[in-house]
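A.B. asks: The following file, entry26.tsv, comprises TSV, C-alpha atoms and all ligand atoms:
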chain	number	residue	atom	x	y	z
A	1	MET	CA	0.00	0.00	0.00
A	2	LYS	CA	1.19	3.53	-0.80
A	3	LEU	CA	0.35	6.22	1.73
A	4	PHE	CA	0.26	9.95	1.15
A	5	HIS	CA	1.59	11.16	4.46
A	6	SER	CA	2.68	14.27	6.27
A	7	PRO	CA	5.03	13.99	9.27
A	8	ALA	CA	3.07	16.51	11.36
A	9	SER	CA	-0.39	15.13	10.59
A	10	PRO	CA	-2.04	13.48	13.59
A	11	TYR	CA	-4.46	11.64	11.29
A	12	ALA	CA	-1.54	10.20	9.30
A	13	ARG	CA	0.16	9.35	12.57
A	14	LYS	CA	-2.85	7.23	13.58
A	15	VAL	CA	-2.30	5.13	10.46
A	16	MET	CA	1.41	4.66	11.13
A	17	VAL	CA	0.95	3.95	14.86
A	18	THR	CA	-1.56	1.29	13.82
A	19	ALA	CA	0.95	-0.14	11.33
A	20	TRP	CA	3.66	-0.39	14.01
A	21	GLU	CA	1.26	-1.86	16.56
A	22	ARG	CA	0.19	-4.51	14.02
A	23	ASP	CA	3.76	-5.05	12.77
A	24	VAL	CA	2.85	-4.34	9.16
A	25	GLN	CA	4.81	-1.07	8.76
A	26	ALA	CA	7.07	-2.66	6.11
A	27	SER	CA	4.06	-3.07	3.80
A	28	ILE	CA	3.53	0.70	3.60
A	29	GLU	CA	5.39	2.87	1.10
A	30	ILE	CA	5.35	6.47	2.30
A	31	LEU	CA	4.67	9.17	-0.30
A	32	GLY	CA	5.43	12.75	0.66
A	33	SER	CA	2.79	15.42	0.28
A	34	SER	CA	2.37	19.13	0.62
A	35	VAL	CA	-1.25	19.73	1.58
A	36	SER	CA	-3.01	22.88	2.64
A	37	PRO	CA	-6.60	24.08	2.29
A	38	VAL	CA	-5.34	27.01	0.22
A	39	ALA	CA	-2.61	25.31	-1.84
A	40	ARG	CA	-3.69	21.83	-2.83
A	41	ASP	CA	-1.35	19.01	-3.76
A	42	GLU	CA	-2.61	17.74	-7.10
A	43	ALA	CA	-1.06	14.29	-6.63
A	44	VAL	CA	-3.18	13.89	-3.48
A	45	VAL	CA	-6.30	15.37	-5.11
A	46	THR	CA	-6.08	12.73	-7.84
A	47	VAL	CA	-6.57	10.05	-5.17
A	48	ASN	CA	-8.70	11.95	-2.65
A	49	SER	CA	-10.67	14.85	-4.09
A	50	SER	CA	-10.73	16.58	-0.69
A	51	GLY	CA	-6.96	17.00	-1.07
A	52	LYS	CA	-6.44	15.76	2.50
A	53	VAL	CA	-3.95	13.32	3.96
A	54	PRO	CA	-3.76	10.57	4.86
A	55	CYS	CA	-4.97	8.84	1.76
A	56	ALA	CA	-3.75	5.58	0.34
A	57	ILE	CA	-3.47	3.61	-2.87
A	58	LEU	CA	-4.00	-0.12	-2.55
A	59	PRO	CA	-1.87	-2.62	-4.52
A	60	ASP	CA	-4.67	-2.94	-7.12
A	61	GLY	CA	-4.74	0.85	-7.55
A	62	ALA	CA	-7.92	1.48	-5.54
A	63	PRO	CA	-7.99	4.65	-3.41
A	64	LEU	CA	-8.57	4.54	0.34
A	65	PHE	CA	-9.44	7.42	2.67
A	66	ASP	CA	-9.91	8.84	5.24
A	67	SER	CA	-7.83	7.97	8.31
A	68	ARG	CA	-10.56	5.91	10.00
A	69	VAL	CA	-10.94	3.77	6.90
A	70	ILE	CA	-7.20	3.39	6.38
A	71	THR	CA	-6.56	2.40	10.01
A	72	GLN	CA	-9.15	-0.36	9.64
A	73	TYR	CA	-7.52	-1.55	6.43
A	74	VAL	CA	-4.05	-1.53	8.01
A	75	ASP	CA	-5.43	-3.37	11.03
A	76	SER	CA	-6.79	-6.05	8.69
A	77	LEU	CA	-3.26	-6.74	7.41
A	78	GLY	CA	-2.21	-7.99	10.85
A	79	LYS	CA	-3.05	-11.17	12.74
A	80	PRO	CA	-6.75	-11.30	13.73
A	81	GLU	CA	-6.01	-11.91	17.40
A	82	GLY	CA	-4.19	-8.60	17.80
A	83	THR	CA	-6.87	-6.40	16.21
A	84	ILE	CA	-7.17	-2.82	17.47
A	85	TYR	CA	-10.92	-3.03	16.76
A	86	PRO	CA	-12.02	-5.95	18.96
A	87	ALA	CA	-15.44	-7.17	17.76
A	88	ASP	CA	-17.12	-7.08	21.16
A	89	ARG	CA	-16.28	-3.37	21.59
A	90	ARG	CA	-16.25	-2.26	17.96
A	91	PHE	CA	-18.72	0.62	18.14
A	92	GLU	CA	-17.49	1.86	21.51
A	93	ILE	CA	-13.94	2.01	20.14
A	94	LEU	CA	-15.01	3.59	16.85
A	95	THR	CA	-16.85	6.27	18.84
A	96	LEU	CA	-13.81	6.93	20.99
A	97	GLU	CA	-11.73	7.20	17.81
A	98	ALA	CA	-14.29	9.70	16.48
A	99	LEU	CA	-13.98	11.69	19.71
A	100	GLY	CA	-10.20	11.88	19.29
A	101	ASP	CA	-10.62	12.89	15.65
A	102	SER	CA	-13.15	15.59	16.58
A	103	ILE	CA	-10.58	17.16	18.90
A	104	ILE	CA	-8.01	17.04	16.10
A	105	ASP	CA	-10.54	18.64	13.72
A	106	ALA	CA	-10.94	21.57	16.13
A	107	CYS	CA	-7.15	21.80	16.64
A	108	LEU	CA	-6.60	22.08	12.90
A	109	LEU	CA	-9.27	24.75	12.52
A	110	CYS	CA	-7.61	26.74	15.31
A	111	ARG	CA	-4.24	26.34	13.67
A	112	TYR	CA	-5.50	27.37	10.25
A	113	GLU	CA	-7.22	30.39	11.81
A	114	LYS	CA	-4.00	31.58	13.43
A	115	SER	CA	-1.31	30.51	10.98
A	116	MET	CA	-3.04	30.78	7.60
A	117	ARG	CA	-5.80	33.33	7.70
A	118	PRO	CA	-4.66	36.92	7.04
A	119	LYS	CA	-4.32	38.63	10.42
A	120	GLU	CA	-6.95	41.27	9.65
A	121	LEU	CA	-9.52	38.48	9.06
A	122	TYR	CA	-8.80	36.65	12.32
A	123	TRP	CA	-12.07	35.80	14.08
A	124	ALA	CA	-11.61	35.41	17.84
A	125	ASP	CA	-15.10	33.95	18.45
A	126	TRP	CA	-14.39	31.23	15.89
A	127	TYR	CA	-11.03	30.42	17.48
A	128	ASN	CA	-12.54	30.37	20.97
A	129	GLY	CA	-15.43	28.22	19.80
A	130	GLN	CA	-13.02	25.62	18.40
A	131	MET	CA	-10.90	25.80	21.57
A	132	ALA	CA	-14.05	25.09	23.62
A	133	LYS	CA	-14.53	21.90	21.56
A	134	ILE	CA	-10.95	20.88	22.30
A	135	ASP	CA	-11.43	21.47	26.02
A	136	SER	CA	-14.73	19.64	26.32
A	137	GLY	CA	-13.31	16.73	24.33
A	138	LEU	CA	-10.27	16.53	26.59
A	139	ASP	CA	-12.55	16.70	29.66
A	140	ASP	CA	-14.48	13.72	28.29
A	141	LEU	CA	-11.24	11.75	27.78
A	142	GLU	CA	-10.31	12.51	31.41
A	143	GLY	CA	-13.85	11.75	32.62
A	144	LYS	CA	-16.56	9.62	31.10
A	145	TRP	CA	-14.36	8.00	28.42
A	146	PHE	CA	-11.34	7.28	30.61
A	147	ALA	CA	-12.28	3.67	31.38
A	148	SER	CA	-12.83	2.93	27.67
A	149	LEU	CA	-9.55	4.63	26.83
A	150	THR	CA	-7.48	2.61	29.26
A	151	THR	CA	-9.18	-0.78	29.09
A	152	GLY	CA	-8.18	-3.49	26.63
A	153	GLY	CA	-4.77	-2.34	25.46
A	154	PHE	CA	-3.76	0.22	22.87
A	155	HIS	CA	-6.85	-0.04	20.68
A	156	ALA	CA	-7.92	2.32	17.87
A	157	GLY	CA	-9.68	4.72	20.24
A	158	ALA	CA	-6.61	4.93	22.45
A	159	ILE	CA	-4.37	5.45	19.40
A	160	ALA	CA	-6.57	8.34	18.21
A	161	ALA	CA	-6.49	9.95	21.66
A	162	ALA	CA	-2.70	9.57	21.91
A	163	CYS	CA	-2.17	11.13	18.45
A	164	THR	CA	-4.49	13.98	19.46
A	165	LEU	CA	-2.48	14.71	22.60
A	166	GLY	CA	0.76	14.49	20.61
A	167	TYR	CA	-0.57	17.09	18.19
A	168	LEU	CA	-1.54	19.41	21.04
A	169	ASP	CA	2.02	19.19	22.37
A	170	LEU	CA	3.42	19.85	18.88
A	171	ARG	CA	1.29	22.81	17.86
A	172	PHE	CA	-0.20	24.26	21.06
A	173	THR	CA	2.89	24.40	23.23
A	174	ASP	CA	1.45	27.09	25.51
A	175	LYS	CA	-1.71	25.11	26.23
A	176	ASP	CA	-1.60	23.53	29.68
A	177	TRP	CA	-4.03	20.67	29.13
A	178	ARG	CA	-2.37	18.49	31.77
A	179	SER	CA	-2.91	20.28	35.09
A	180	THR	CA	-6.69	19.80	35.14
A	181	ARG	CA	-6.48	16.32	33.55
A	182	PRO	CA	-3.93	14.42	35.60
A	183	LYS	CA	-5.16	10.92	34.71
A	184	LEU	CA	-5.03	11.64	31.00
A	185	ALA	CA	-1.56	13.18	31.37
A	186	ALA	CA	-0.24	10.10	33.21
A	187	TRP	CA	-1.78	7.77	30.64
A	188	PHE	CA	-0.28	9.76	27.76
A	189	ALA	CA	3.18	9.70	29.37
A	190	GLN	CA	2.91	5.94	29.64
A	191	VAL	CA	1.69	5.21	26.10
A	192	SER	CA	4.24	7.66	24.66
A	193	GLU	CA	6.91	5.10	25.59
A	194	ARG	CA	5.54	2.57	23.12
A	195	LYS	CA	7.68	1.87	20.09
A	196	SER	CA	4.79	2.76	17.78
A	197	MET	CA	4.58	6.24	19.33
A	198	GLN	CA	8.34	6.78	19.39
A	199	GLU	CA	8.75	5.75	15.74
A	200	THR	CA	6.02	8.15	14.63
A	201	PHE	CA	6.95	11.19	16.73
A	202	PRO	CA	5.58	14.18	14.77
A	203	LYS	CA	7.88	16.58	12.95
A	204	GLY	CA	7.34	19.88	11.25
B	301	LIG	N1	-11.15	13.36	8.22
B	301	LIG	C1	-9.83	13.34	7.64
B	301	LIG	C2	-9.10	14.62	7.98
B	301	LIG	C3	-7.75	14.72	7.28
B	301	LIG	C4	-7.14	16.13	7.37
B	301	LIG	O1	-7.83	17.12	7.65
B	301	LIG	N2	-5.82	16.19	7.12
B	301	LIG	C5	-5.15	17.48	7.08
B	301	LIG	C6	-3.69	17.30	7.48
B	301	LIG	S1	-3.52	17.00	9.21
B	301	LIG	C7	-5.14	17.97	5.65
B	301	LIG	O2	-4.91	17.21	4.74
B	301	LIG	N3	-5.40	19.28	5.44
B	301	LIG	C8	-5.39	19.88	4.15
B	301	LIG	C9	-6.73	20.44	3.78
B	301	LIG	O3	-7.60	20.64	4.65
B	301	LIG	O4	-6.93	20.70	2.58
B	301	LIG	C10	-9.09	12.10	8.13
B	301	LIG	O5	-9.45	11.56	9.19
B	301	LIG	O6	-8.18	11.60	7.43
Represent the structure of the file as structure tokens.
Ligand SMILES: N[C@@H](CCC(=O)N[C@@H](CS)C(=O)NCC(=O)O)C(=O)O

C.D. replies:
Amino acid sequence: MKLFHSPASPYARKVMVTAWERDVQASIEILGSSVSPVARDEAVVTVNSSGKVPCAILPDGAPLFDSRVITQYVDSLGKPEGTIYPADRRFEILTLEALGDSIIDACLLCRYEKSMRPKELYWADWYNGQMAKIDSGLDDLEGKWFASLTTGGFHAGAIAAACTLGYLDLRFTDKDWRSTRPKLAAWFAQVSERKSMQETFPKG
């Protein structure tokens, strides 16, 4: 499988953490990309009309996107007994993955608002509204989702949450998300030691 990737993308990181966890990383050929909502990468657009990464090309040429579809495909390449989507918790774990992704979505919108939009068009209410989504999502990871997050190994929901927290540390260095969420902070410190997380440490 070929994977359009970006080393700072938390969605692409989910795919590669999954690959390392399932020991199928050697079956993925990484293709570089240069994506942005205002300067699209035509090679990516050819595969995924949204122009977003990650997106993949299967050995038979079929396209695959987005990250939640690709992680399931990559998971299917590994041994069934080690799946990160255990059948008896499938929808719970998919929902937790969606929660992690929704926090990333808000992070990206905040980042685009500050780093891409012309300064005179900056909209503080928009930024604050997205930041409120980030905070309520993190509160849910610390609270009502914490048992799901930490039970049953490093499953797809846990991988999404870990990639989300990694992105916060990469791009929102002045955001102190840890002091009011001590359990989440301790869990993240622990899972960050995994080889899959170390090998995919974000850059850029
Ligand atoms: N729902 C998508 C989101 C992917 C996404 O937004 N990726 C960002 C990079 S982190 C991107 O490609 N942005 C470029 C754009 O919005 O055009 C997924 O889960 O893969």

A.B. asks: Please give the centre and size of the box around ligand LIG 301 (chain B) (axis-aligned, containing every atom listed in the file, 8 Å added per side), with values in Å to one decimal and written as lines of an AutoDock Vina configuration file.

C.D. replies:
center_x = -7.3
center_y = 16.1
center_z = 5.9
size_x = 23.6
size_y = 25.1
size_z = 22.6

A.B. asks: Ala62 in chain A: which residues within 9 Å, counting all atoms listed in the file, same-chain residues fewer than 5 positions away excluded, as an NGL selection string?

C.D. replies: :A and (47 or 56-57)

A.B. asks: Taking only C-alpha atoms and all ligand atoms into account, list the residues no farther than 6 Å from ligand LIG 301 (chain B), as a list in words.

C.D. replies: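 So the residues close to ligand LIG 301 (chain B) are Ser9, Pro10, Tyr11, Val35, Ser36, Pro37, Gly51, Lys52, Val53, Pro54, Asp66, Ser67 and Arg68 of chain A.
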
A.B. asks: What's the 8 Å shell around range 170-178 of chain A, counting all atoms listed in the file, without same-chain residues fewer than 5 positions away, as number ranges by chain?

C.D. replies: A: 111, 138, 184-185, 202

A.B. asks: In terms of the shortest atom-to-atom distance over all atoms listed in the file, which of A:Leu165, A:Met116, A:Leu141, A:Leu64 is closest to Ser49 in chain A?

C.D. replies: A:Leu64

A.B. asks: Give me the residues within 12 Å of Glu113 in chain A as a list in words, counting all atoms listed in the file and dropping any in the same chain fewer than 4 places off.

C.D. replies: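 Near Glu113 in chain A, the qualifying residues are Pro37, Ala106, Cys107, Leu108, Leu109, Arg117, Pro118, Lys119, Glu120, Leu121, Tyr122, Trp123, Ala124, Asp125, Trp126, Tyr127, Asn128, Gly129, Gln130 and Met131 of chain A.
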
A.B. asks: For the selection you just gave me, I'd like the residues written to a file as a tab-separated table (two decimals), in the frame of the given file, keeping C-alpha atoms.

C.D. replies:
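Final output, saved to out-v4.tsv:
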chain	number	residue	atom	x	y	z
A	37	PRO	CA	-6.60	24.08	2.29
A	106	ALA	CA	-10.94	21.57	16.13
A	107	CYS	CA	-7.15	21.80	16.64
A	108	LEU	CA	-6.60	22.08	12.90
A	109	LEU	CA	-9.27	24.75	12.52
A	117	ARG	CA	-5.80	33.33	7.70
A	118	PRO	CA	-4.66	36.92	7.04
A	119	LYS	CA	-4.32	38.63	10.42
A	120	GLU	CA	-6.95	41.27	9.65
A	121	LEU	CA	-9.52	38.48	9.06
A	122	TYR	CA	-8.80	36.65	12.32
A	123	TRP	CA	-12.07	35.80	14.08
A	124	ALA	CA	-11.61	35.41	17.84
A	125	ASP	CA	-15.10	33.95	18.45
A	126	TRP	CA	-14.39	31.23	15.89
A	127	TYR	CA	-11.03	30.42	17.48
A	128	ASN	CA	-12.54	30.37	20.97
A	129	GLY	CA	-15.43	28.22	19.80
A	130	GLN	CA	-13.02	25.62	18.40
A	131	MET	CA	-10.90	25.80	21.57

A.B. asks: Find the residues around Arg194 in chain A up to 12 Å (only C-alpha atoms counted), leave out those fewer than 4 positions away in its own chain, and share them as a list in words.

C.D. replies: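 Answer for this query is Val17, Thr18, Trp20, Glu21, Gly153, Phe154, Ile159, Ala162, Trp187, Phe188, Ala189, Gln190, Gln198, Glu199, Thr200 and Phe201 of chain A.
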
A.B. asks: Which residue, A:Asp75, A:Ala132, A:Arg90, A:Met1, has the smallest gap to Cys110 in chain A when you use all atoms listed in the file?

C.D. replies: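 Closest residue, counting all atoms listed in the file: A:Ala132.
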
A.B. asks: Please provide the set of residues having any atom within 10 Å of Ile28 in chain A, restricted to all atoms listed in the file, with same-chain residues fewer than 4 positions apart removed, written as number ranges by chain.

C.D. replies: A: 1-3, 16, 19, 24, 56-58, 74

A.B. asks: In terms of the shortest atom-to-atom distance over all atoms listed in the file, which of A:Ala160, A:Ala186, A:Ala8, A:Ala147 is closest to Ile84 in chain A?

C.D. replies: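 Answer, going by the shortest atom-to-atom distance: A:Ala160.
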
A.B. asks: Taking all atoms listed in the file into account, name the residue in A:Gly100, A:Glu81, A:Arg89, A:Ser27 that is nearest to Pro59 in chain A.

C.D. replies: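 Smallest distance to Pro59 in chain A is found for A:Ser27.
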
A.B. asks: Would you work out the distance separating CA of Gly204 in chain A from CA of His5 in chain A, expressed in Å to one decimal?

C.D. replies: 12.5 Å

A.B. asks: What does the distance from CA of Gly78 in chain A to CA of Cys55 in chain A come to in Å, to one decimal?

C.D. replies: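 Taking CA of Gly78 in chain A and CA of Cys55 in chain A, their separation equals 19.3 Å.
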
A.B. asks: So how many Å separate CA of Ser50 in chain A and CA of Ala156 in chain A, to one decimal?

C.D. replies: 23.6 Å

A.B. asks: Have a look at A:Val191, A:Val15, A:Leu31, A:Thr151 and name the one nearest to Glu92 in chain A; count only C-alpha atoms.

C.D. replies: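 Ranking A:Val191, A:Val15, A:Leu31, A:Thr151 by distance to Glu92 in chain A, first place goes to A:Thr151.
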
A.B. asks: Using all atoms listed in the file, find the one residue out of A:Ser34, A:Thr83, A:Gln72, A:Ser148 that sits nearest to Leu96 in chain A.

C.D. replies: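 Nearest candidate to Leu96 in chain A out of A:Ser34, A:Thr83, A:Gln72, A:Ser148: A:Ser148.
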